[in-house]
$ cat target.cif   # mmCIF, C-alpha atoms and all ligand atoms
data_protein
loop_
_atom_site.label_atom_id
_atom_site.label_comp_id
_atom_site.auth_asym_id
_atom_site.auth_seq_id
_atom_site.Cartn_x
_atom_site.Cartn_y
_atom_site.Cartn_z
CA MET Z 1 29.87 -1.93 -10.35
CA THR Z 2 31.84 -2.88 -7.23
CA ALA Z 3 31.32 -5.68 -4.70
CA GLY Z 4 29.39 -3.22 -2.53
CA THR Z 5 26.95 -2.29 -5.27
CA LYS Z 6 23.30 -3.23 -4.72
CA MET Z 7 21.64 -1.54 -7.66
CA THR Z 8 23.02 -0.04 -10.84
CA VAL Z 9 21.36 2.47 -13.12
CA ARG Z 10 22.90 2.66 -16.59
CA ASP Z 11 21.98 5.14 -19.25
CA VAL Z 12 18.39 5.31 -18.04
CA SER Z 13 15.92 7.64 -19.74
CA VAL Z 14 12.24 7.99 -18.87
CA TRP Z 15 9.43 9.65 -20.81
CA TYR Z 16 5.86 10.46 -19.89
CA GLY Z 17 4.22 10.32 -23.30
CA ALA Z 18 6.50 12.37 -25.52
CA LYS Z 19 7.89 14.37 -22.61
CA PRO Z 20 11.36 13.40 -21.34
CA ALA Z 21 11.60 13.27 -17.52
CA LEU Z 22 15.05 11.67 -17.16
CA SER Z 23 17.87 11.58 -19.68
CA ASN Z 24 20.76 9.10 -19.72
CA VAL Z 25 21.17 8.73 -15.98
CA SER Z 26 23.83 6.36 -14.61
CA LEU Z 27 24.63 5.81 -10.95
CA ASP Z 28 25.19 3.07 -8.39
CA ILE Z 29 23.35 2.40 -5.15
CA GLU Z 30 25.71 0.86 -2.64
CA ARG Z 31 24.72 -1.79 -0.10
CA GLU Z 32 25.65 -0.02 3.09
CA GLU Z 33 25.02 3.55 2.14
CA VAL Z 34 22.36 6.19 2.10
CA ILE Z 35 22.20 8.01 -1.22
CA ALA Z 36 20.33 11.33 -1.38
CA LEU Z 37 18.71 12.58 -4.58
CA ILE Z 38 18.45 16.38 -4.65
CA GLY Z 39 17.53 19.03 -7.21
CA PRO Z 40 14.86 21.57 -8.11
CA SER Z 41 11.20 20.64 -8.38
CA GLY Z 42 10.41 18.62 -11.51
CA CYS Z 43 14.04 17.58 -12.14
CA GLY Z 44 13.14 13.86 -12.09
CA LYS Z 45 14.05 12.68 -8.58
CA SER Z 46 10.76 10.88 -7.90
CA THR Z 47 10.77 9.50 -11.43
CA LEU Z 48 14.14 7.87 -10.77
CA LEU Z 49 12.92 6.46 -7.47
CA ARG Z 50 9.84 4.97 -9.13
CA THR Z 51 12.00 3.56 -11.91
CA LEU Z 52 14.03 1.58 -9.37
CA ASN Z 53 11.07 -0.55 -8.24
CA ARG Z 54 8.96 -0.30 -11.39
CA LEU Z 55 6.22 1.82 -9.86
CA ASN Z 56 6.14 3.62 -13.21
CA ASP Z 57 4.74 0.42 -14.75
CA SER Z 58 1.29 1.54 -13.66
CA VAL Z 59 1.64 5.11 -14.99
CA ALA Z 60 -0.07 5.31 -18.38
CA GLY Z 61 2.34 6.53 -21.06
CA ALA Z 62 5.50 6.13 -18.95
CA ARG Z 63 8.39 4.55 -20.86
CA VAL Z 64 11.76 3.48 -19.46
CA GLN Z 65 14.88 2.89 -21.52
CA GLY Z 66 18.29 1.73 -20.26
CA LEU Z 67 19.37 -0.80 -17.66
CA VAL Z 68 18.48 -1.05 -13.96
CA THR Z 69 19.91 -3.98 -12.03
CA LEU Z 70 19.42 -5.42 -8.56
CA ASP Z 71 22.23 -7.77 -7.50
CA GLY Z 72 23.29 -7.79 -11.15
CA GLU Z 73 19.87 -8.85 -12.46
CA ASP Z 74 17.85 -6.77 -14.89
CA VAL Z 75 14.88 -5.32 -13.01
CA TYR Z 76 12.96 -4.87 -16.29
CA ALA Z 77 13.61 -8.40 -17.61
CA PRO Z 78 10.39 -10.20 -18.62
CA ALA Z 79 11.06 -12.82 -15.92
CA THR Z 80 11.10 -10.23 -13.12
CA ASP Z 81 7.89 -10.19 -11.09
CA PRO Z 82 7.21 -6.54 -10.16
CA VAL Z 83 5.35 -7.51 -6.97
CA ALA Z 84 8.30 -9.59 -5.73
CA LEU Z 85 10.63 -6.79 -6.81
CA ARG Z 86 8.70 -4.24 -4.72
CA ALA Z 87 9.09 -6.44 -1.64
CA ARG Z 88 12.88 -6.41 -2.20
CA VAL Z 89 12.92 -2.71 -3.09
CA GLY Z 90 10.47 -1.12 -0.66
CA MET Z 91 9.06 2.38 -0.84
CA VAL Z 92 8.09 5.00 1.73
CA PHE Z 93 6.07 7.91 0.38
CA GLN Z 94 5.93 11.62 1.03
CA ALA Z 95 2.74 11.64 3.08
CA PRO Z 96 2.28 8.77 5.52
CA ASN Z 97 -0.21 6.41 3.86
CA PRO Z 98 -1.11 3.63 6.31
CA PHE Z 99 -4.00 1.38 5.32
CA PRO Z 100 -7.27 2.20 7.16
CA LYS Z 101 -6.75 -0.87 9.33
CA THR Z 102 -5.20 -1.59 12.70
CA ILE Z 103 -1.56 -0.88 13.51
CA ARG Z 104 -0.83 -4.59 13.63
CA GLU Z 105 -2.63 -5.29 10.36
CA ASN Z 106 -0.62 -2.64 8.53
CA VAL Z 107 2.60 -4.50 9.28
CA ALA Z 108 1.15 -8.02 8.98
CA TYR Z 109 -0.41 -7.39 5.56
CA GLY Z 110 2.76 -7.74 3.46
CA LEU Z 111 3.87 -10.78 5.44
CA ARG Z 112 0.54 -12.45 4.63
CA ILE Z 113 0.39 -11.63 0.92
CA HIS Z 114 3.96 -12.77 0.41
CA GLY Z 115 3.37 -15.91 2.53
CA LEU Z 116 6.23 -15.02 4.87
CA ALA Z 117 4.70 -16.02 8.23
CA ARG Z 118 4.41 -19.54 9.63
CA GLY Z 119 1.39 -19.23 11.87
CA ARG Z 120 0.15 -16.64 14.32
CA ALA Z 121 3.11 -16.66 16.74
CA ASP Z 122 5.59 -16.19 13.91
CA LEU Z 123 3.47 -13.40 12.42
CA ASP Z 124 3.34 -11.62 15.80
CA ALA Z 125 7.10 -11.99 16.23
CA GLN Z 126 7.77 -10.54 12.79
CA VAL Z 127 5.35 -7.66 13.38
CA GLU Z 128 7.17 -6.88 16.64
CA ARG Z 129 10.56 -7.05 14.94
CA ALA Z 130 9.55 -4.67 12.13
CA LEU Z 131 7.99 -2.19 14.59
CA THR Z 132 11.11 -2.39 16.76
CA ARG Z 133 13.40 -1.71 13.81
CA ALA Z 134 11.23 1.24 12.83
CA GLY Z 135 11.59 2.64 16.36
CA LEU Z 136 7.86 2.41 17.06
CA TRP Z 137 7.37 -0.71 19.19
CA ALA Z 138 7.58 0.97 22.60
CA GLU Z 139 4.90 3.47 21.57
CA VAL Z 140 2.41 0.98 20.12
CA ARG Z 141 2.95 -2.36 21.88
CA ASP Z 142 -0.15 -1.82 24.04
CA ARG Z 143 -2.37 -0.60 21.23
CA LEU Z 144 -1.67 -2.87 18.26
CA GLY Z 145 -5.42 -3.26 17.66
CA ASP Z 146 -6.01 0.51 17.39
CA PRO Z 147 -6.57 2.10 13.99
CA ALA Z 148 -3.31 3.15 12.32
CA LEU Z 149 -4.95 6.50 11.59
CA SER Z 150 -5.13 7.21 15.34
CA LEU Z 151 -1.33 7.63 15.40
CA SER Z 152 0.43 10.98 14.98
CA GLY Z 153 1.81 11.84 11.53
CA GLY Z 154 5.35 10.98 12.58
CA GLN Z 155 4.23 7.68 14.10
CA GLN Z 156 2.26 6.90 10.93
CA GLN Z 157 5.38 7.45 8.86
CA ARG Z 158 7.38 5.12 11.11
CA LEU Z 159 4.53 2.60 10.76
CA CYS Z 160 4.88 2.86 6.97
CA ILE Z 161 8.60 2.24 7.39
CA ALA Z 162 7.80 -0.80 9.57
CA ARG Z 163 5.41 -2.01 6.87
CA ALA Z 164 8.21 -1.78 4.29
CA LEU Z 165 10.73 -3.44 6.64
CA ALA Z 166 8.41 -6.35 7.55
CA VAL Z 167 8.97 -8.14 4.24
CA GLU Z 168 12.77 -7.94 4.66
CA PRO Z 169 13.61 -5.61 1.80
CA GLU Z 170 17.16 -5.11 0.58
CA VAL Z 171 16.68 -1.56 -0.65
CA ILE Z 172 14.45 1.15 0.82
CA LEU Z 173 13.34 4.07 -1.32
CA MET Z 174 12.09 7.15 0.52
CA ASP Z 175 10.37 9.97 -1.34
CA GLU Z 176 10.63 13.08 0.84
CA PRO Z 177 9.65 11.03 3.89
CA CYS Z 178 9.71 14.00 6.28
CA SER Z 179 7.92 16.62 4.22
CA ALA Z 180 4.66 16.22 6.15
CA LEU Z 181 6.31 16.03 9.58
CA ASP Z 182 7.18 18.52 12.30
CA PRO Z 183 10.82 18.97 13.43
CA ILE Z 184 10.53 16.27 16.12
CA GLY Z 185 8.97 13.76 13.73
CA THR Z 186 11.65 14.65 11.18
CA ALA Z 187 14.48 14.14 13.69
CA ARG Z 188 13.08 10.71 14.60
CA ILE Z 189 13.03 9.63 10.96
CA GLU Z 190 16.55 10.94 10.36
CA GLU Z 191 17.76 9.06 13.42
CA LEU Z 192 16.00 5.95 12.16
CA ILE Z 193 17.67 6.26 8.75
CA GLY Z 194 21.01 6.29 10.59
CA ASP Z 195 20.02 3.12 12.47
CA LEU Z 196 18.90 1.34 9.29
CA ARG Z 197 22.01 2.22 7.32
CA GLY Z 198 24.27 -0.76 6.88
CA ARG Z 199 21.39 -3.22 7.01
CA TYR Z 200 19.68 -1.83 3.90
CA ALA Z 201 20.67 0.24 0.90
CA ILE Z 202 18.69 3.46 1.24
CA CYS Z 203 17.83 5.99 -1.44
CA ILE Z 204 16.13 9.17 -0.24
CA VAL Z 205 14.68 12.08 -2.18
CA THR Z 206 14.82 15.30 -0.19
CA HIS Z 207 14.33 19.01 -0.74
CA ASN Z 208 16.15 19.70 2.48
CA MET Z 209 19.85 20.17 1.88
CA GLN Z 210 20.72 19.93 5.57
CA GLN Z 211 18.87 16.66 5.71
CA ALA Z 212 20.79 15.29 2.72
CA ALA Z 213 24.03 16.35 4.40
CA ARG Z 214 23.02 14.77 7.72
CA VAL Z 215 21.74 11.39 6.56
CA SER Z 216 23.55 10.48 3.33
CA GLN Z 217 27.02 9.34 2.40
CA ARG Z 218 26.54 10.00 -1.30
CA THR Z 219 24.49 12.64 -3.08
CA ALA Z 220 23.22 12.92 -6.63
CA PHE Z 221 22.20 16.36 -7.91
CA PHE Z 222 19.72 16.50 -10.79
CA ASP Z 223 18.56 19.33 -12.96
CA ALA Z 224 16.04 19.15 -15.81
CA GLY Z 225 16.14 15.36 -15.98
CA ARG Z 226 19.92 15.10 -16.04
CA LEU Z 227 22.32 13.91 -13.40
CA ILE Z 228 24.62 16.89 -13.01
CA GLU Z 229 26.88 15.68 -10.23
CA TYR Z 230 27.17 12.57 -8.10
CA GLY Z 231 29.69 11.92 -5.37
CA ALA Z 232 30.52 11.77 -1.67
CA THR Z 233 28.06 13.99 0.23
CA SER Z 234 30.86 15.72 2.16
CA GLU Z 235 32.57 16.65 -1.14
CA LEU Z 236 29.44 17.68 -3.01
CA PHE Z 237 28.33 20.08 -0.31
CA THR Z 238 31.72 21.60 0.45
CA ASN Z 239 33.45 21.48 -2.89
CA PRO Z 240 30.99 20.91 -5.77
CA ARG Z 241 32.58 20.38 -9.18
CA GLU Z 242 29.75 21.95 -11.19
CA THR Z 243 28.60 25.56 -11.09
CA ARG Z 244 24.96 24.46 -11.24
CA THR Z 245 25.42 22.30 -8.15
CA ARG Z 246 27.08 25.19 -6.34
CA ASP Z 247 24.27 27.56 -7.29
CA TYR Z 248 21.63 25.10 -6.09
CA ILE Z 249 23.20 24.24 -2.77
CA THR Z 250 23.92 27.86 -1.99
CA GLY Z 251 20.28 28.72 -2.74
CA ARG Z 252 20.90 30.79 -5.86
CA TYR Z 253 18.20 28.90 -7.72
CA GLY Z 254 15.82 25.99 -7.43
N1 LIG G 301 2.55 10.74 -14.12
C1 LIG G 301 3.12 11.71 -14.82
N2 LIG G 301 2.62 12.08 -16.03
C2 LIG G 301 3.18 13.07 -16.76
N3 LIG G 301 4.28 13.75 -16.38
C3 LIG G 301 4.82 13.45 -15.20
C4 LIG G 301 4.28 12.41 -14.36
N4 LIG G 301 5.04 12.33 -13.23
C5 LIG G 301 5.99 13.27 -13.38
N5 LIG G 301 5.89 13.93 -14.54
C6 LIG G 301 6.76 15.01 -15.05
O1 LIG G 301 8.09 14.52 -15.10
C7 LIG G 301 9.02 15.50 -14.65
C8 LIG G 301 9.80 14.94 -13.44
O2 LIG G 301 8.89 14.78 -12.34
P1 LIG G 301 9.32 14.19 -10.94
O3 LIG G 301 8.09 14.07 -10.13
O4 LIG G 301 10.14 13.00 -11.16
O5 LIG G 301 10.25 15.37 -10.40
P2 LIG G 301 10.79 15.65 -8.94
O6 LIG G 301 12.20 16.10 -9.11
O7 LIG G 301 10.55 14.48 -8.06
O8 LIG G 301 9.88 16.87 -8.50
P3 LIG G 301 9.39 17.33 -7.03
O9 LIG G 301 10.63 17.70 -6.31
O10 LIG G 301 8.52 18.52 -7.33
O11 LIG G 301 8.64 16.20 -6.45
C9 LIG G 301 8.20 16.73 -14.33
O12 LIG G 301 8.25 17.58 -15.45
C10 LIG G 301 6.81 16.19 -14.11
O13 LIG G 301 5.84 17.15 -14.46
#
$ encode --input "target.cif" --output "C-alpha cells" --more "lines below"
Ligand SMILES: Nc1ncnc2c1ncn2[C@@H]1O[C@H](COP(=O)(O)OP(=O)(O)OP(=O)(O)O)[C@@H](O)[C@H]1O
Amino acid sequence: MTAGTKMTVRDVSVWYGAKPALSNVSLDIEREEVIALIGPSGCGKSTLLRTLNRLNDSVAGARVQGLVTLDGEDVYAPATDPVALRARVGMVFQAPNPFPKTIRENVAYGLRIHGLARGRADLDAQVERALTRAGLWAEVRDRLGDPALSLSGGQQQRLCIARALAVEPEVILMDEPCSALDPIGTARIEELIGDLRGRYAICIVTHNMQQAARVSQRTAFFDAGRLIEYGATSELFTNPRETRTRDYITGRYG
C-alpha cells in the first residue's frame, strides 16, 4: 500500500454456495486513478466490484474471505456500517436504474437519508452541484420536477452518476456503465470519467477493450476467478506479460 492507495484487496476469495467465483485476488485501487477490470464473461469482475462495497452481503450463499480495506480500515470489520460504506464507495450499474421519481428527487434522496442537507436551499445547492459534476445540469435545470424516466438512456445514466456523487463518495464503482448506451451516450460517460478522475478513485468493469484503454490508467485482467495480470494500462495493452492476456486483448478468446 502506498500513500496514494485508497482501497486494498488482499488475498480475497469469494464463493457463491460451494462455487468459487474469485480466488486469492490482491490489488490496489489508487486515489487519483481509474482502474479497469476486464476479462471474459463470468471471470468474476462484477463479483469483485460488489465485494468492494459489500453488495454481496445481500446475496444468499455468498461468502467473502480475505481483506478489503478503505483508507486502511477493514471494510468487513463488524464495526463497519454497510450503508455508510456504500455512500463512501458508490456504485453505478450496467443499466441506468433511476428511481421512478423526479429528476431532483433522485439526487436529493441520498442526501436526505444520510442527513447531509441543512434545509431546502442547501439541498437544492447540493443537487445542482452533483448534476453539474455529472455533466447533466444544463440539460435538466429547467425540468427538475419531471420524471427521471422521461430522460434518455444516456441522461438517465448520468443522473445515476449524479445520485452517486451527491453523497460525496470517495470511490466510484461502475459496472459496464455504457453497455446500454449508444455511441454518443458512451462518449459522454467516458468524457465524464475523465473529468471525475483525480477527485475520486474509480473502478470500472468493461467488456470494451478500447474503452478500458481510453479511460483507465491501470488495468486488471481476470480469467476464471483469478487475477492474471495487473499493471499500467499502456503496458498491458501494448506489451502484456501473460499469454492469456495477449490472447484476450487480441480477440483470440473470451
Ligand atoms: N448471485 C449469484 N449466485 C450464484 N452464482 C453467481 C452469482 N453471481 C455471480 N455468480 C457466478 O460467479 C461467477 C462470476 O460472476 P461475475 O458476475 O462476477 O462475472 P463477470 O466477470 O462480471 O461476468 P460478466 O462479464 O458476464 O458480467 C460466474 O460463474 C457467475 O455465474
$ closest_residue --input "target.cif" --among "Z:Ser13, Z:Glu168, Z:Glu190, Z:Pro98" --to "Gln155 of chain Z" --atoms "all atoms listed in the file"
Z:Pro98
$ closest_residue --input "target.cif" --among "Z:Gly90, Z:Pro183, Z:Gly154, Z:Pro177" --to "ligand LIG 301 (chain G)" --atoms "all atoms listed in the file"
Z:Pro177
$ residues_around --input "target.cif" --residues "Glu73 of chain Z" --least-positions-apart "5" --cutoff "9 Å" --atoms "only C-alpha atoms" --output "number ranges by chain"
Z: 7, 68, 80
$ residues_near_ligand --input "target.cif" --ligand "ligand LIG 301 (chain G)" --cutoff "10 Å" --atoms "only C-alpha atoms and all ligand atoms" --output "PyMOL selection string"
chain Z and resi 14-22+37-51+56+58-62+94+175-176+205-207+222-225+254
$ write_last_selection --input "target.cif" --atoms "C-alpha atoms" --output "compact mmCIF listing (two decimals), in the frame of the given file"
# COMPACT_ATOMS: atom_id res chain seq x y z
CA VAL Z 14 12.24 7.99 -18.87
CA TRP Z 15 9.43 9.65 -20.81
CA TYR Z 16 5.86 10.46 -19.89
CA GLY Z 17 4.22 10.32 -23.30
CA ALA Z 18 6.50 12.37 -25.52
CA LYS Z 19 7.89 14.37 -22.61
CA PRO Z 20 11.36 13.40 -21.34
CA ALA Z 21 11.60 13.27 -17.52
CA LEU Z 22 15.05 11.67 -17.16
CA LEU Z 37 18.71 12.58 -4.58
CA ILE Z 38 18.45 16.38 -4.65
CA GLY Z 39 17.53 19.03 -7.21
CA PRO Z 40 14.86 21.57 -8.11
CA SER Z 41 11.20 20.64 -8.38
CA GLY Z 42 10.41 18.62 -11.51
CA CYS Z 43 14.04 17.58 -12.14
CA GLY Z 44 13.14 13.86 -12.09
CA LYS Z 45 14.05 12.68 -8.58
CA SER Z 46 10.76 10.88 -7.90
CA THR Z 47 10.77 9.50 -11.43
CA LEU Z 48 14.14 7.87 -10.77
CA LEU Z 49 12.92 6.46 -7.47
CA ARG Z 50 9.84 4.97 -9.13
CA THR Z 51 12.00 3.56 -11.91
CA ASN Z 56 6.14 3.62 -13.21
CA SER Z 58 1.29 1.54 -13.66
CA VAL Z 59 1.64 5.11 -14.99
CA ALA Z 60 -0.07 5.31 -18.38
CA GLY Z 61 2.34 6.53 -21.06
CA ALA Z 62 5.50 6.13 -18.95
CA GLN Z 94 5.93 11.62 1.03
CA ASP Z 175 10.37 9.97 -1.34
CA GLU Z 176 10.63 13.08 0.84
CA VAL Z 205 14.68 12.08 -2.18
CA THR Z 206 14.82 15.30 -0.19
CA HIS Z 207 14.33 19.01 -0.74
CA PHE Z 222 19.72 16.50 -10.79
CA ASP Z 223 18.56 19.33 -12.96
CA ALA Z 224 16.04 19.15 -15.81
CA GLY Z 225 16.14 15.36 -15.98
CA GLY Z 254 15.82 25.99 -7.43
$ atom_distance --input "target.cif" --atom1 "atom CA of Arg31 of chain Z" --atom2 "atom CA of Glu235 of chain Z"
20.1 Å
$ residues_near_point --input "target.cif" --point "(12.6, 6.4, 5.7)" --cutoff "9 Å" --atoms "only C-alpha atoms" --output "PDB file with C-alpha atoms, in the coordinates of the input"
ATOM      1  CA  MET Z  91       9.060   2.380  -0.840  1.00  0.00           C
ATOM      2  CA  VAL Z  92       8.090   5.000   1.730  1.00  0.00           C
ATOM      3  CA  PHE Z  93       6.070   7.910   0.380  1.00  0.00           C
ATOM      4  CA  ALA Z 134      11.230   1.240  12.830  1.00  0.00           C
ATOM      5  CA  GLN Z 157       5.380   7.450   8.860  1.00  0.00           C
ATOM      6  CA  ARG Z 158       7.380   5.120  11.110  1.00  0.00           C
ATOM      7  CA  CYS Z 160       4.880   2.860   6.970  1.00  0.00           C
ATOM      8  CA  ILE Z 161       8.600   2.240   7.390  1.00  0.00           C
ATOM      9  CA  ILE Z 172      14.450   1.150   0.820  1.00  0.00           C
ATOM     10  CA  LEU Z 173      13.340   4.070  -1.320  1.00  0.00           C
ATOM     11  CA  MET Z 174      12.090   7.150   0.520  1.00  0.00           C
ATOM     12  CA  ASP Z 175      10.370   9.970  -1.340  1.00  0.00           C
ATOM     13  CA  GLU Z 176      10.630  13.080   0.840  1.00  0.00           C
ATOM     14  CA  PRO Z 177       9.650  11.030   3.890  1.00  0.00           C
ATOM     15  CA  CYS Z 178       9.710  14.000   6.280  1.00  0.00           C
ATOM     16  CA  ILE Z 189      13.030   9.630  10.960  1.00  0.00           C
ATOM     17  CA  GLU Z 190      16.550  10.940  10.360  1.00  0.00           C
ATOM     18  CA  LEU Z 192      16.000   5.950  12.160  1.00  0.00           C
ATOM     19  CA  ILE Z 193      17.670   6.260   8.750  1.00  0.00           C
ATOM     20  CA  LEU Z 196      18.900   1.340   9.290  1.00  0.00           C
ATOM     21  CA  ILE Z 202      18.690   3.460   1.240  1.00  0.00           C
ATOM     22  CA  CYS Z 203      17.830   5.990  -1.440  1.00  0.00           C
ATOM     23  CA  ILE Z 204      16.130   9.170  -0.240  1.00  0.00           C
TER      24      ILE Z 204
END
$ closest_residue --input "target.cif" --among "Z:Val107, Z:Leu123, Z:Ile113, Z:Leu144" --to "Ala162 of chain Z" --atoms "only C-alpha atoms"
Z:Val107
$ closest_residue --input "target.cif" --among "Z:Ala79, Z:Val89, Z:Leu67, Z:Ala232" --to "Tyr200 of chain Z" --atoms "only C-alpha atoms"
Z:Val89
$ atom_distance --input "target.cif" --atom1 "atom CA of Ile29 of chain Z" --atom2 "atom CA of Gly198 of chain Z"
12.5 Å
$ closest_residue --input "target.cif" --among "Z:Asp71, Z:Glu170, Z:Arg118, Z:Thr243" --to "Arg86 of chain Z" --atoms "all atoms listed in the file"
Z:Glu170
$ residues_near_point --input "target.cif" --point "(7.8, -9.1, 1.1)" --cutoff "6 Å" --atoms "only C-alpha atoms" --output "ChimeraX atom specification"
/Z:87,110,114,167
$ closest_residue --input "target.cif" --among "Z:Leu181, Z:Asn53, Z:Val83, Z:Leu27" --to "Ile228 of chain Z" --atoms "all atoms listed in the file"
Z:Leu27
$ atom_distance --input "target.cif" --atom1 "atom CA of Thr132 of chain Z" --atom2 "atom CA of Pro96 of chain Z"
18.1 Å
$ axis_aligned_box --input "target.cif" --around "segment 43-53 of chain Z" --padding-each-side "3 Å" --output "JSON"
{"center_x": 12.0, "center_y": 8.5, "center_z": -9.8, "size_x": 10.3, "size_y": 24.1, "size_z": 10.7}
$ residues_around --input "target.cif" --residues "Ala130 of chain Z" --least-positions-apart "2" --cutoff "6 Å" --atoms "only C-alpha atoms" --output "PDB file with C-alpha atoms, in the coordinates of the input"
ATOM      1  CA  VAL Z 127       5.350  -7.660  13.380  1.00  0.00           C
ATOM      2  CA  GLU Z 128       7.170  -6.880  16.640  1.00  0.00           C
ATOM      3  CA  THR Z 132      11.110  -2.390  16.760  1.00  0.00           C
ATOM      4  CA  ARG Z 133      13.400  -1.710  13.810  1.00  0.00           C
ATOM      5  CA  ALA Z 162       7.800  -0.800   9.570  1.00  0.00           C
ATOM      6  CA  LEU Z 165      10.730  -3.440   6.640  1.00  0.00           C
ATOM      7  CA  ALA Z 166       8.410  -6.350   7.550  1.00  0.00           C
TER       8      ALA Z 166
END
$ decode --input "target.cif" --residues "segment 226-253 of chain Z" --atoms "C-alpha atoms" --output "PDB file, in the first residue's frame"
ATOM      1  CA  ARG Z 226      -8.130 -15.342 -10.964  1.00  0.00           C
ATOM      2  CA  LEU Z 227      -6.270 -12.104 -11.468  1.00  0.00           C
ATOM      3  CA  ILE Z 228      -3.958 -12.948 -14.335  1.00  0.00           C
ATOM      4  CA  GLU Z 229      -2.268  -9.614 -14.887  1.00  0.00           C
ATOM      5  CA  TYR Z 230      -2.467  -6.159 -13.371  1.00  0.00           C
ATOM      6  CA  GLY Z 231      -0.494  -3.115 -14.386  1.00  0.00           C
ATOM      7  CA  ALA Z 232      -0.323   0.189 -16.231  1.00  0.00           C
ATOM      8  CA  THR Z 233      -2.986   0.207 -18.971  1.00  0.00           C
ATOM      9  CA  SER Z 234      -0.488   1.381 -21.610  1.00  0.00           C
ATOM     10  CA  GLU Z 235       1.797  -1.575 -20.782  1.00  0.00           C
ATOM     11  CA  LEU Z 236      -0.921  -4.203 -20.500  1.00  0.00           C
ATOM     12  CA  PHE Z 237      -2.380  -3.385 -23.892  1.00  0.00           C
ATOM     13  CA  THR Z 238       0.883  -2.977 -25.775  1.00  0.00           C
ATOM     14  CA  ASN Z 239       3.158  -5.415 -24.027  1.00  0.00           C
ATOM     15  CA  PRO Z 240       1.215  -7.933 -21.900  1.00  0.00           C
ATOM     16  CA  ARG Z 241       3.343 -10.239 -19.770  1.00  0.00           C
ATOM     17  CA  GLU Z 242       0.977 -13.215 -19.887  1.00  0.00           C
ATOM     18  CA  THR Z 243      -0.038 -15.216 -22.948  1.00  0.00           C
ATOM     19  CA  ARG Z 244      -3.638 -15.374 -21.724  1.00  0.00           C
ATOM     20  CA  THR Z 245      -3.803 -11.587 -21.527  1.00  0.00           C
ATOM     21  CA  ARG Z 246      -2.369 -11.301 -25.022  1.00  0.00           C
ATOM     22  CA  ASP Z 247      -4.878 -13.813 -26.384  1.00  0.00           C
ATOM     23  CA  TYR Z 248      -7.780 -11.971 -24.762  1.00  0.00           C
ATOM     24  CA  ILE Z 249      -6.845  -8.481 -25.851  1.00  0.00           C
ATOM     25  CA  THR Z 250      -6.128  -9.602 -29.384  1.00  0.00           C
ATOM     26  CA  GLY Z 251      -9.544 -11.281 -29.511  1.00  0.00           C
ATOM     27  CA  ARG Z 252      -8.314 -14.871 -29.684  1.00  0.00           C
ATOM     28  CA  TYR Z 253     -10.717 -15.887 -26.954  1.00  0.00           C
TER      29      TYR Z 253
END
